[in-house]
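Text of input08.txt (compact mmCIF, C-alpha atoms and all ligand atoms) as supplied:
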```txt
# COMPACT_ATOMS: atom_id res chain seq x y z
CA MET Z 1 149.46 19.50 9.07
CA LYS Z 2 152.16 18.43 11.45
CA MET Z 3 155.86 18.91 11.25
CA GLN Z 4 156.57 15.86 9.13
CA ASN Z 5 154.61 17.49 6.33
CA LEU Z 6 156.94 20.41 6.14
CA THR Z 7 159.68 19.95 3.63
CA ARG Z 8 161.70 22.89 4.88
CA CYS Z 9 161.06 25.50 7.48
CA ALA Z 10 162.17 28.91 8.65
CA CYS Z 11 164.71 27.11 10.71
CA LEU Z 12 165.80 24.09 8.60
CA VAL Z 13 165.01 21.05 10.72
CA THR Z 14 165.58 17.60 9.19
CA ALA Z 15 169.05 16.14 9.69
CA LEU Z 16 169.90 18.34 12.63
CA LEU Z 17 167.00 17.27 14.82
CA LEU Z 18 168.74 14.41 16.54
CA ALA Z 19 171.92 16.35 17.17
CA SER Z 20 170.09 18.67 19.54
CA SER Z 21 168.71 16.06 21.89
CA GLY Z 22 171.99 15.77 23.79
CA ALA Z 23 171.67 19.40 24.79
CA LEU Z 24 168.36 18.93 26.58
CA ASN Z 25 170.09 18.84 29.98
CA ALA Z 26 171.81 22.17 29.64
CA GLN Z 27 168.75 24.19 30.66
CA THR Z 28 169.26 27.03 33.10
CA SER Z 29 166.89 27.16 36.04
CA LYS Z 30 165.10 30.33 34.98
CA THR Z 31 164.12 29.36 31.45
CA ALA Z 32 160.81 27.53 31.30
CA ARG Z 33 160.02 24.70 28.92
CA PRO Z 34 156.75 23.06 27.95
CA GLY Z 35 155.54 20.56 30.49
CA GLY Z 36 155.15 23.08 33.32
CA LYS Z 37 152.01 24.14 35.13
CA ILE Z 38 150.94 27.76 35.52
CA PRO Z 39 149.67 28.61 39.02
CA ARG Z 40 145.97 28.72 38.09
CA ASN Z 41 143.49 26.41 36.50
CA LEU Z 42 142.94 27.57 32.97
CA GLU Z 43 141.35 25.99 29.93
CA VAL Z 44 141.08 27.87 26.66
CA GLN Z 45 139.63 27.30 23.21
CA LEU Z 46 139.83 28.95 19.80
CA GLU Z 47 136.57 29.98 18.12
CA LYS Z 48 136.55 30.59 14.41
CA VAL Z 49 135.63 34.18 13.55
CA ALA Z 50 136.08 34.15 9.78
CA GLY Z 51 137.81 32.24 7.00
CA GLY Z 52 138.70 32.67 3.34
CA PHE Z 53 141.78 34.82 3.87
CA THR Z 54 144.88 34.63 1.68
CA ASP Z 55 147.88 33.93 3.93
CA PRO Z 56 146.64 36.09 6.84
CA VAL Z 57 149.60 37.01 9.03
CA ASN Z 58 148.27 39.51 11.56
CA VAL Z 59 145.17 41.15 12.95
CA VAL Z 60 144.85 44.57 14.55
CA SER Z 61 142.25 46.86 16.09
CA PRO Z 62 142.09 50.60 15.41
CA ARG Z 63 140.80 51.14 18.98
CA ASP Z 64 138.41 53.79 17.66
CA GLY Z 65 135.17 52.42 19.06
CA SER Z 66 134.11 51.03 15.68
CA GLY Z 67 134.52 47.38 16.72
CA ARG Z 68 136.35 46.68 13.45
CA LEU Z 69 139.26 44.25 13.15
CA PHE Z 70 141.80 44.59 10.35
CA VAL Z 71 143.29 41.39 8.96
CA VAL Z 72 146.67 41.64 7.24
CA GLU Z 73 147.08 39.36 4.21
CA ARG Z 74 150.66 38.61 3.19
CA PRO Z 75 150.26 39.52 -0.54
CA GLY Z 76 149.61 43.15 0.45
CA ILE Z 77 145.94 43.40 1.35
CA VAL Z 78 144.24 44.54 4.56
CA LYS Z 79 140.65 43.38 5.04
CA ILE Z 80 138.10 44.62 7.56
CA VAL Z 81 136.05 42.28 9.73
CA LYS Z 82 132.95 44.13 10.91
CA ASP Z 83 130.20 42.50 12.99
CA GLY Z 84 131.71 39.09 12.23
CA GLU Z 85 131.62 39.65 8.46
CA VAL Z 86 134.59 40.17 6.15
CA MET Z 87 133.94 43.32 4.13
CA ARG Z 88 134.15 42.71 0.41
CA ARG Z 89 136.28 45.73 -0.47
CA PRO Z 90 139.68 45.75 1.21
CA PHE Z 91 140.78 48.65 3.41
CA LEU Z 92 144.19 48.66 1.74
CA ASP Z 93 145.56 47.04 -1.42
CA ILE Z 94 149.30 47.51 -2.05
CA LYS Z 95 149.87 44.21 -3.87
CA GLU Z 96 151.67 46.05 -6.68
CA THR Z 97 154.30 47.29 -4.21
CA VAL Z 98 154.74 44.15 -2.10
CA VAL Z 99 156.83 41.12 -3.06
CA SER Z 100 155.34 37.94 -1.60
CA SER Z 101 156.53 35.03 -3.74
CA PHE Z 102 158.72 33.73 -0.89
CA LEU Z 103 156.88 32.81 2.30
CA GLU Z 104 158.87 35.07 4.65
CA GLN Z 105 158.24 38.07 2.43
CA GLY Z 106 155.10 40.10 1.96
CA LEU Z 107 153.09 42.50 4.06
CA TYR Z 108 154.24 41.59 7.59
CA ASP Z 109 152.23 43.82 9.88
CA MET Z 110 150.14 46.93 10.30
CA GLU Z 111 149.68 49.18 13.31
CA PHE Z 112 147.38 52.10 14.00
CA HIS Z 113 148.75 55.32 15.44
CA PRO Z 114 147.80 55.64 19.13
CA ASP Z 115 145.78 58.74 18.11
CA PHE Z 116 144.27 57.08 15.03
CA LYS Z 117 140.80 58.11 16.08
CA THR Z 118 141.73 61.78 15.62
CA ASN Z 119 144.60 61.72 13.07
CA GLY Z 120 143.66 58.67 10.92
CA LEU Z 121 147.29 57.53 10.63
CA PHE Z 122 148.45 53.94 10.37
CA TYR Z 123 151.69 52.13 9.49
CA VAL Z 124 152.53 49.06 7.42
CA HIS Z 125 155.74 47.01 7.22
CA TYR Z 126 156.46 44.97 4.08
CA SER Z 127 159.03 43.63 1.59
CA ASP Z 128 159.19 46.06 -1.28
CA MET Z 129 158.94 44.80 -4.85
CA TRP Z 130 160.86 47.71 -6.41
CA PHE Z 131 163.71 47.76 -3.90
CA ASN Z 132 164.59 44.09 -4.24
CA GLY Z 133 162.77 42.96 -1.11
CA ASP Z 134 164.02 45.70 1.24
CA SER Z 135 161.78 46.21 4.25
CA PHE Z 136 159.71 49.39 4.14
CA ILE Z 137 157.76 50.99 6.94
CA VAL Z 138 155.23 53.34 5.43
CA GLU Z 139 152.61 55.68 6.88
CA TYR Z 140 149.14 56.09 5.39
CA LYS Z 141 145.97 57.87 6.38
CA ALA Z 142 142.46 56.49 6.39
CA SER Z 143 140.28 58.18 3.80
CA SER Z 144 138.49 61.23 5.19
CA ASP Z 145 135.26 60.34 3.32
CA ASN Z 146 135.20 56.61 4.02
CA PRO Z 147 136.65 55.12 7.22
CA ASP Z 148 136.70 51.67 5.59
CA ARG Z 149 139.19 52.76 2.92
CA ALA Z 150 142.83 53.84 3.11
CA ASP Z 151 143.89 56.97 1.25
CA LEU Z 152 146.68 55.68 -0.99
CA ASP Z 153 147.75 59.22 -1.92
CA SER Z 154 148.66 59.89 1.70
CA VAL Z 155 151.67 57.53 1.52
CA ARG Z 156 154.83 58.60 3.35
CA VAL Z 157 157.92 56.41 3.67
CA VAL Z 158 159.04 56.30 7.28
CA MET Z 159 161.95 53.86 7.06
CA GLN Z 160 163.74 51.55 4.65
CA ILE Z 161 165.81 48.62 5.94
CA GLU Z 162 168.11 46.94 3.45
CA GLN Z 163 167.44 43.20 3.13
CA PRO Z 164 170.39 41.31 1.67
CA TYR Z 165 168.48 38.00 1.76
CA SER Z 166 164.82 37.19 1.39
CA ASN Z 167 164.41 35.50 4.79
CA HIS Z 168 164.50 36.68 8.43
CA ASN Z 169 162.75 39.99 7.97
CA GLY Z 170 161.21 40.17 11.43
CA GLY Z 171 158.04 42.15 10.91
CA GLU Z 172 156.38 43.34 14.09
CA LEU Z 173 155.18 46.91 14.42
CA VAL Z 174 153.85 47.81 17.85
CA PHE Z 175 153.40 51.08 19.71
CA GLY Z 176 154.74 51.02 23.25
CA PRO Z 177 153.05 52.59 26.26
CA ASP Z 178 155.51 55.47 25.69
CA GLY Z 179 153.92 56.25 22.29
CA TYR Z 180 157.03 55.20 20.34
CA LEU Z 181 156.91 52.69 17.50
CA TYR Z 182 158.82 49.47 18.20
CA ILE Z 183 159.93 47.44 15.19
CA GLY Z 184 161.01 43.79 15.07
CA SER Z 185 163.95 43.58 12.65
CA GLY Z 186 165.40 40.18 11.67
CA ASP Z 187 169.06 39.36 11.11
CA GLY Z 188 168.76 39.89 7.35
CA GLY Z 189 168.78 36.26 6.44
CA TRP Z 190 170.43 33.24 4.99
CA GLU Z 191 171.42 31.03 7.94
CA GLY Z 192 173.68 31.37 10.96
CA ASP Z 193 173.67 35.19 10.87
CA VAL Z 194 176.21 35.23 8.03
CA LEU Z 195 176.29 39.04 8.24
CA GLY Z 196 177.16 39.00 11.94
CA ALA Z 197 174.27 41.43 12.45
CA GLY Z 198 173.14 40.21 15.88
CA GLN Z 199 176.00 41.73 17.84
CA ASP Z 200 176.78 44.55 15.38
CA LEU Z 201 175.37 47.84 16.65
CA SER Z 202 176.11 49.59 13.35
CA THR Z 203 173.28 47.78 11.53
CA LEU Z 204 169.51 47.93 12.02
CA LEU Z 205 169.27 44.18 11.33
CA ALA Z 206 168.77 41.72 14.22
CA LYS Z 207 167.38 44.43 16.48
CA VAL Z 208 164.36 45.74 18.26
CA LEU Z 209 164.12 49.34 17.01
CA ARG Z 210 162.34 52.26 18.68
CA ILE Z 211 161.42 55.40 16.74
CA ASP Z 212 159.24 58.48 17.06
CA VAL Z 213 156.81 58.74 14.16
CA ASN Z 214 155.50 62.11 15.37
CA THR Z 215 158.67 63.95 14.46
CA ARG Z 216 161.13 63.69 11.56
CA THR Z 217 164.50 65.02 10.60
CA THR Z 218 165.83 66.21 7.26
CA GLU Z 219 167.50 62.82 6.69
CA LYS Z 220 164.97 60.49 8.24
CA GLY Z 221 161.23 60.03 8.14
CA TYR Z 222 161.08 59.76 11.93
CA GLY Z 223 162.68 61.09 15.07
CA ILE Z 224 165.01 59.35 17.52
CA PRO Z 225 163.80 59.17 21.12
CA GLN Z 226 166.63 60.83 23.03
CA ASP Z 227 166.55 58.17 25.73
CA ASN Z 228 167.27 55.35 23.26
CA PRO Z 229 170.20 53.40 24.76
CA PHE Z 230 172.73 53.99 21.99
CA VAL Z 231 172.14 57.66 21.41
CA THR Z 232 175.46 59.34 22.13
CA PRO Z 233 175.09 63.03 22.89
CA LEU Z 234 177.83 65.04 21.22
CA GLN Z 235 179.03 66.56 24.49
CA GLN Z 236 180.08 63.10 25.62
CA MET Z 237 182.40 62.70 22.66
CA VAL Z 238 185.25 64.49 24.41
CA LEU Z 239 188.36 62.85 25.77
CA PHE Z 240 188.52 64.52 29.16
CA GLY Z 241 186.12 64.70 32.00
CA VAL Z 242 184.32 61.48 31.03
CA SER Z 243 184.52 58.51 33.38
CA GLU Z 244 185.85 55.14 32.23
CA GLU Z 245 182.41 53.69 32.89
CA ARG Z 246 180.77 56.21 30.62
CA PHE Z 247 183.39 55.67 27.92
CA ALA Z 248 182.67 51.95 28.04
CA GLU Z 249 179.04 52.71 27.22
CA ILE Z 250 179.76 54.95 24.25
CA HIS Z 251 179.34 53.31 20.85
CA PRO Z 252 179.97 56.02 18.27
CA ASN Z 253 179.03 53.75 15.34
CA ALA Z 254 175.85 52.42 16.91
CA GLN Z 255 172.58 53.18 15.16
CA PRO Z 256 170.49 55.40 17.42
CA GLU Z 257 167.26 53.60 16.45
CA ILE Z 258 168.37 50.48 18.36
CA TRP Z 259 166.42 49.62 21.48
CA ALA Z 260 167.67 46.05 22.00
CA TYR Z 261 169.91 43.71 19.99
CA GLY Z 262 170.95 40.09 19.48
CA VAL Z 263 167.61 38.87 18.11
CA ARG Z 264 167.37 36.56 15.10
CA ASN Z 265 163.88 36.91 13.68
CA PRO Z 266 161.41 38.68 15.98
CA VAL Z 267 158.23 38.04 13.98
CA LYS Z 268 155.93 38.80 16.94
CA MET Z 269 156.36 41.09 19.97
CA GLN Z 270 153.64 42.28 22.31
CA PHE Z 271 153.39 44.66 25.25
CA ASP Z 272 151.43 43.79 28.36
CA ASN Z 273 148.98 46.71 28.33
CA LYS Z 274 148.84 46.80 32.13
CA THR Z 275 152.53 46.52 33.08
CA GLY Z 276 154.35 47.71 29.95
CA ASP Z 277 156.38 44.48 29.91
CA LEU Z 278 157.48 43.43 26.42
CA TYR Z 279 157.43 39.82 25.21
CA ILE Z 280 159.67 39.08 22.23
CA ALA Z 281 159.13 35.70 20.55
CA ASP Z 282 162.34 35.11 18.60
CA VAL Z 283 162.37 32.46 15.87
CA GLY Z 284 165.41 30.24 16.30
CA GLN Z 285 167.61 28.16 14.06
CA ASN Z 286 167.43 24.38 13.73
CA HIS Z 287 167.07 23.45 17.41
CA TRP Z 288 165.43 25.94 19.76
CA GLU Z 289 162.66 28.55 19.76
CA GLU Z 290 162.72 31.20 22.48
CA ILE Z 291 160.58 33.78 24.26
CA ASN Z 292 162.23 36.85 25.78
CA PHE Z 293 160.82 39.10 28.46
CA GLN Z 294 161.70 42.75 28.95
CA ALA Z 295 160.32 44.39 32.09
CA GLY Z 296 158.31 47.58 31.64
CA SER Z 297 161.02 49.36 33.67
CA SER Z 298 163.68 48.54 31.05
CA LYS Z 299 165.85 51.38 29.75
CA GLY Z 300 166.70 49.33 26.64
CA GLY Z 301 170.10 48.11 25.50
CA GLU Z 302 169.46 44.42 26.22
CA ASN Z 303 171.46 41.85 24.30
CA TYR Z 304 169.40 38.75 23.57
CA GLY Z 305 172.46 36.80 22.55
CA TRP Z 306 172.11 35.86 18.86
CA LYS Z 307 174.31 34.55 17.23
CA PHE Z 308 176.26 33.35 20.21
CA MET Z 309 173.11 31.86 21.71
CA CYS Z 310 169.95 30.13 20.55
CA GLY Z 311 167.70 29.88 23.59
CA THR Z 312 169.96 28.96 26.51
CA HIS Z 313 172.26 27.01 24.18
CA PRO Z 314 175.45 28.04 22.46
CA PHE Z 315 175.36 28.61 18.72
CA PRO Z 316 176.47 26.53 16.95
CA ILE Z 317 175.08 23.92 19.28
CA SER Z 318 178.29 21.87 19.03
CA ALA Z 319 180.32 24.67 20.64
CA LYS Z 320 181.94 23.30 23.79
CA ASN Z 321 182.39 25.33 27.00
CA ALA Z 322 180.99 28.40 25.26
CA PRO Z 323 180.17 31.27 27.63
CA GLN Z 324 176.57 32.39 27.87
CA VAL Z 325 176.02 35.74 26.19
CA GLY Z 326 173.29 38.26 26.96
CA GLU Z 327 169.84 37.86 28.50
CA MET Z 328 168.47 34.35 28.76
CA PRO Z 329 164.91 33.77 27.54
CA ILE Z 330 162.01 33.11 29.91
CA GLY Z 331 160.90 30.20 27.75
CA GLU Z 332 162.28 27.90 25.11
CA TYR Z 333 161.26 24.72 23.33
CA SER Z 334 162.97 22.18 21.15
CA HIS Z 335 162.42 21.46 17.49
CA VAL Z 336 162.50 17.79 18.44
CA THR Z 337 159.35 17.95 20.53
CA ASP Z 338 157.36 21.13 20.15
CA GLY Z 339 157.71 23.13 16.96
CA ILE Z 340 159.89 25.10 14.59
CA CYS Z 341 158.74 28.72 14.44
CA VAL Z 342 157.53 30.62 17.50
CA ILE Z 343 154.59 33.03 17.12
CA GLY Z 344 153.72 35.15 20.18
CA LEU Z 345 150.01 35.74 20.77
CA GLY Z 346 150.18 38.29 23.59
CA VAL Z 347 149.14 38.96 27.16
CA TYR Z 348 145.43 38.85 27.88
CA ARG Z 349 144.13 42.00 29.64
CA GLY Z 350 140.51 42.05 28.53
CA SER Z 351 137.35 42.07 30.61
CA LYS Z 352 135.50 39.04 29.20
CA TYR Z 353 137.69 36.16 30.42
CA PRO Z 354 138.98 36.95 33.92
CA SER Z 355 140.63 33.53 34.30
CA MET Z 356 143.06 34.52 31.52
CA ASP Z 357 144.05 37.89 33.01
CA GLY Z 358 147.80 38.54 32.85
CA VAL Z 359 148.67 35.27 31.11
CA TYR Z 360 151.03 35.40 28.11
CA PHE Z 361 150.04 33.09 25.26
CA VAL Z 362 152.46 31.81 22.64
CA SER Z 363 152.11 29.39 19.74
CA ASP Z 364 154.15 27.57 17.12
CA TRP Z 365 153.58 27.73 13.37
CA GLY Z 366 154.88 24.21 12.73
CA SER Z 367 153.22 22.23 15.51
CA GLY Z 368 150.07 24.33 16.00
CA LYS Z 369 150.55 24.13 19.77
CA ILE Z 370 149.48 26.94 22.08
CA TRP Z 371 151.03 27.48 25.50
CA ALA Z 372 150.25 29.72 28.46
CA MET Z 373 153.13 31.32 30.36
CA GLU Z 374 153.10 32.82 33.83
CA ARG Z 375 155.39 33.09 36.86
CA ASP Z 376 154.68 30.80 39.79
CA GLU Z 377 154.82 31.75 43.49
CA ASN Z 378 158.63 31.37 43.41
CA GLY Z 379 158.99 33.74 40.48
CA GLN Z 380 159.85 30.86 38.18
CA TRP Z 381 158.28 31.05 34.72
CA GLN Z 382 156.02 28.16 33.83
CA MET Z 383 155.03 27.09 30.32
CA GLN Z 384 151.93 24.93 30.06
CA GLU Z 385 150.43 23.48 26.90
CA MET Z 386 146.85 24.69 26.41
CA LEU Z 387 145.96 23.32 22.96
CA ASP Z 388 147.56 21.17 20.28
CA THR Z 389 145.78 22.40 17.17
CA GLN Z 390 145.86 21.34 13.54
CA VAL Z 391 146.26 24.88 12.24
CA ARG Z 392 149.37 26.95 11.67
CA PRO Z 393 149.40 30.16 13.71
CA THR Z 394 150.95 33.11 11.86
CA GLY Z 395 150.13 36.17 13.93
CA ALA Z 396 147.90 37.71 16.55
CA GLY Z 397 146.35 40.89 17.83
CA GLU Z 398 143.64 42.07 20.17
CA ASP Z 399 140.35 43.87 19.90
CA GLU Z 400 139.43 46.99 21.79
CA ASP Z 401 138.40 45.02 24.85
CA GLY Z 402 141.67 43.04 24.88
CA THR Z 403 140.33 39.77 23.51
CA ILE Z 404 143.16 37.99 21.68
CA TYR Z 405 142.69 36.96 18.05
CA MET Z 406 144.99 34.66 16.08
CA THR Z 407 145.49 34.23 12.34
CA SER Z 408 146.37 30.90 10.75
CA ALA Z 409 147.54 30.06 7.25
CA THR Z 410 148.31 26.76 5.61
CA SER Z 411 151.06 27.73 3.21
CA ASN Z 412 154.09 25.50 2.86
CA TYR Z 413 157.52 26.90 3.43
CA GLY Z 414 159.54 28.11 0.48
CA GLY Z 415 158.98 29.77 -2.85
CA PRO Z 416 158.42 30.92 -5.42
CA VAL Z 417 154.72 30.39 -4.87
CA ASP Z 418 151.56 32.29 -5.62
CA PRO Z 419 149.89 32.94 -2.26
CA TYR Z 420 146.52 32.73 -4.01
CA ASP Z 421 147.19 29.03 -4.69
CA ASN Z 422 147.37 28.34 -0.94
CA GLU Z 423 144.50 26.93 1.06
CA PRO Z 424 142.56 29.85 2.64
CA GLY Z 425 143.56 30.93 6.13
CA ALA Z 426 141.39 31.88 9.08
CA LEU Z 427 140.86 34.22 12.01
CA TRP Z 428 140.34 32.75 15.50
CA ARG Z 429 139.30 34.16 18.87
CA LEU Z 430 141.03 32.91 22.03
CA VAL Z 431 138.38 32.33 24.70
CA GLU Z 432 137.85 30.56 28.02
CA LYS Z 433 136.80 27.03 27.25
CA SER Z 434 133.65 27.31 29.35
CA LYS Z 435 132.62 30.44 27.40
CA VAL Z 436 132.71 29.09 23.85
CA LYS Z 437 129.67 30.54 22.09
CA GLU Z 438 126.92 28.07 21.35
CA GLY Z 439 127.24 26.79 17.79
CA ALA Z 440 130.72 28.25 17.37
CA GLU Z 441 133.21 26.34 15.23
CA THR Z 442 136.23 25.50 17.34
CA VAL Z 443 139.76 24.80 16.16
CA PRO Z 444 140.53 21.22 15.03
CA LEU Z 445 142.77 19.55 17.63
CA ASP Z 446 145.34 16.76 17.47
CA CA W 1 151.68 44.61 15.47
CA CA W 2 166.05 39.39 4.82
CA CA W 3 168.39 34.71 22.60
```

So, in terms of structure tokens, how does the structure I just supplied come out?
Amino acid sequence: MKMQNLTRCACLVTALLLASSGALNAQTSKTARPGGKIPRNLEVQLEKVAGGFTDPVNVVSPRDGSGRLFVVERPGIVKIVKDGEVMRRPFLDIKETVVSSFLEQGLYDMEFHPDFKTNGLFYVHYSDMWFNGDSFIVEYKASSDNPDRADLDSVRVVMQIEQPYSNHNGGELVFGPDGYLYIGSGDGGWEGDVLGAGQDLSTLLAKVLRIDVNTRTTEKGYGIPQDNPFVTPLQQMVLFGVSEERFAEIHPNAQPEIWAYGVRNPVKMQFDNKTGDLYIADVGQNHWEEINFQAGSSKGGENYGWKFMCGTHPFPISAKNAPQVGEMPIGEYSHVTDGICVIGLGVYRGSKYPSMDGVYFVSDWGSGKIWAMERDENGQWQMQEMLDTQVRPTGAGEDEDGTIYMTSATSNYGGPVDPYDNEPGALWRLVEKSKVKEGAETVPLD
């Protein structure tokens, strides 16, 4: 299961591994690396909830009091877990619309509207079969006669993002505390940001996007929050009476959906439900994986540096005396030691495991490691290894109480493959080690 078994990965390891080791000393003081100690004693474990899934990549709660969890399967299926049992009939089946032959494609994520309980709306994000793998964000409604079924006729396209290559599609959908939908959009693909999307404000690729699904315009299936950082009110587009400072902030070609930019492949992002802080786990290229932190007070507009930076390091890594660009991550780890594809698990804010309160958990798909992150008494982020598992984390979500769940899948990188040929994946619950349920199956460890 470990890294040596992977022939190729989202971030092409192999020959470049050794080249990165010389850069290990270039760390800035604020970016944590594995090997730290969070300022509390914490031991966690993963309990198996259910298995038999086909490439599960995410799990989400409707927060409607039903206690159901919805597991997203990459081929285009959403299954319901109710009272610990996987329901036989799926909630949603859009396999005919989703292309999933390449591992980074498929149904990426699903999110329920904050008012799902009353309006029944939910959103999915996937690679579309008929539009050559373009990313689609689509709204559906739960069936009015059967809450365990989606109403396929209710489909409404919210957004289409052109995907010139099959990889680096991002995927996250998450509603912020402000009620807006945040979208993780990757750099479009190939390698090395060949499109130059990271720093290009005229494209939706390589961005965190923020849209209003409760309104729409004649051109778009959504509204633009007027406080998005690159919205330029028309009255500012005059030559006189505008300060130099304000002119410097005006980007007439910028896409107004952009909330933050300079990300490479933000597969997982999560809000801290108590503080509104946003954690963006950004999959890196060849050498470094990174975790970015955006305070709940942020007004947006952050530049997370790609493709000038990968973690705290210049890109390409051989660049000498390169200036640092943008916000530095709070955490990073090397492909040499710790993994190849970062998967954020989220901040625990539930009631059942008080020792985990406020801790951010993050994992790696290649190594199966799980870390806890927290600031110490000096405000310095710490990153401590919690578990070194034998499974491959792919996604995460939380139930209504805030308990964190993780999906794992065993697929190898690449394509074309039939996801149904892959070993079945599983759903896990992250718990305090001392509170593992009697008889529960726990995750295999290295
Ligand atoms: Ca999500
Ligand atoms: Ca792509
Ligand atoms: Ca970065």

Residues within 12 Å of ligand CA 2 (chain W), counting all atoms listed in the file, as a ChimeraX atom specification | /Z:10,102-106,126-128,132-136,161-171,185-191,193-195,197,204-206,264-265

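The nearest approach to Val325 in chain Z among the residues Z:Ser154, Z:Thr312, Z:Thr232, Z:Asn286, with only C-alpha atoms taken into account, belongs to Z:Thr312.
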
Produce a table with one row for each residue of chain Z that has an atom at most 6 Å from any atom of ligand CA 1 (chain W), each row naming the nearest atom pair and its distance in Å at one decimal; use all atoms listed in the file; arrange rows by chain and rising residue number; format as a Markdown table.
```
| residue | atom | partner | partner_atom | distance |
| --- | --- | --- | --- | --- |
| Z:Asp109 | CA | W:CA1 | CA | 5.7 |
| Z:Met110 | CA | W:CA1 | CA | 5.9 |
| Z:Glu111 | CA | W:CA1 | CA | 5.4 |
| Z:Glu172 | CA | W:CA1 | CA | 5.1 |
| Z:Leu173 | CA | W:CA1 | CA | 4.3 |
| Z:Val174 | CA | W:CA1 | CA | 4.5 |
```

Using only C-alpha atoms and all ligand atoms, which protein or nucleic acid residues are at most 12 Å from ligand CA 3 (chain W), as a ChimeraX atom specification?
-> /Z:31,198-199,206-207,260-266,280-285,288-293,302-315,324-332

Excluding Leu181 in chain Z and any residue of its chain fewer than 5 positions from it, enumerate the residues within 12 Å of it, using only C-alpha atoms, and give them as a ChimeraX atom specification.
-> /Z:110-114,122-125,137,139,158-159,172-176,208-215,222-225,257-259,269-271

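CA of Ser298 in chain Z sits 26.0 Å away from CA of Arg63 in chain Z.
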
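Proximity of Z:Asn41, Z:Gln382, Z:Thr217, Z:Ser101 to Asn412 in chain Z, computed with all atoms listed in the file, is greatest for Z:Ser101.
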
Which is closest to Asp227 in chain Z among Z:Glu438, Z:Ser334, Z:Glu398, Z:Asp178, if we use only C-alpha atoms?
->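 Using only C-alpha atoms, Asp227 in chain Z sits closest to Z:Asp178.
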
Pick from Z:Lys117, Z:Arg156, Z:Lys320, Z:Lys79, whichever lies nearest to Val138 in chain Z using only C-alpha atoms =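 Checking each candidate against Val138 in chain Z, we get Z:Arg156 as the closest.
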
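Closest to Thr97 in chain Z among Z:Arg68, Z:Asp277, Z:Pro316, Z:Phe131 is Z:Phe131, based on all atoms listed in the file.
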
Residues near Ser363 in chain Z, cut-off 12 Å, all atoms listed in the file, skip fewer than 5 positions along chain, as a ChimeraX atom specification = /Z:34,268,281-283,289-291,331-333,338-346,368-373,383-396,406-408,430
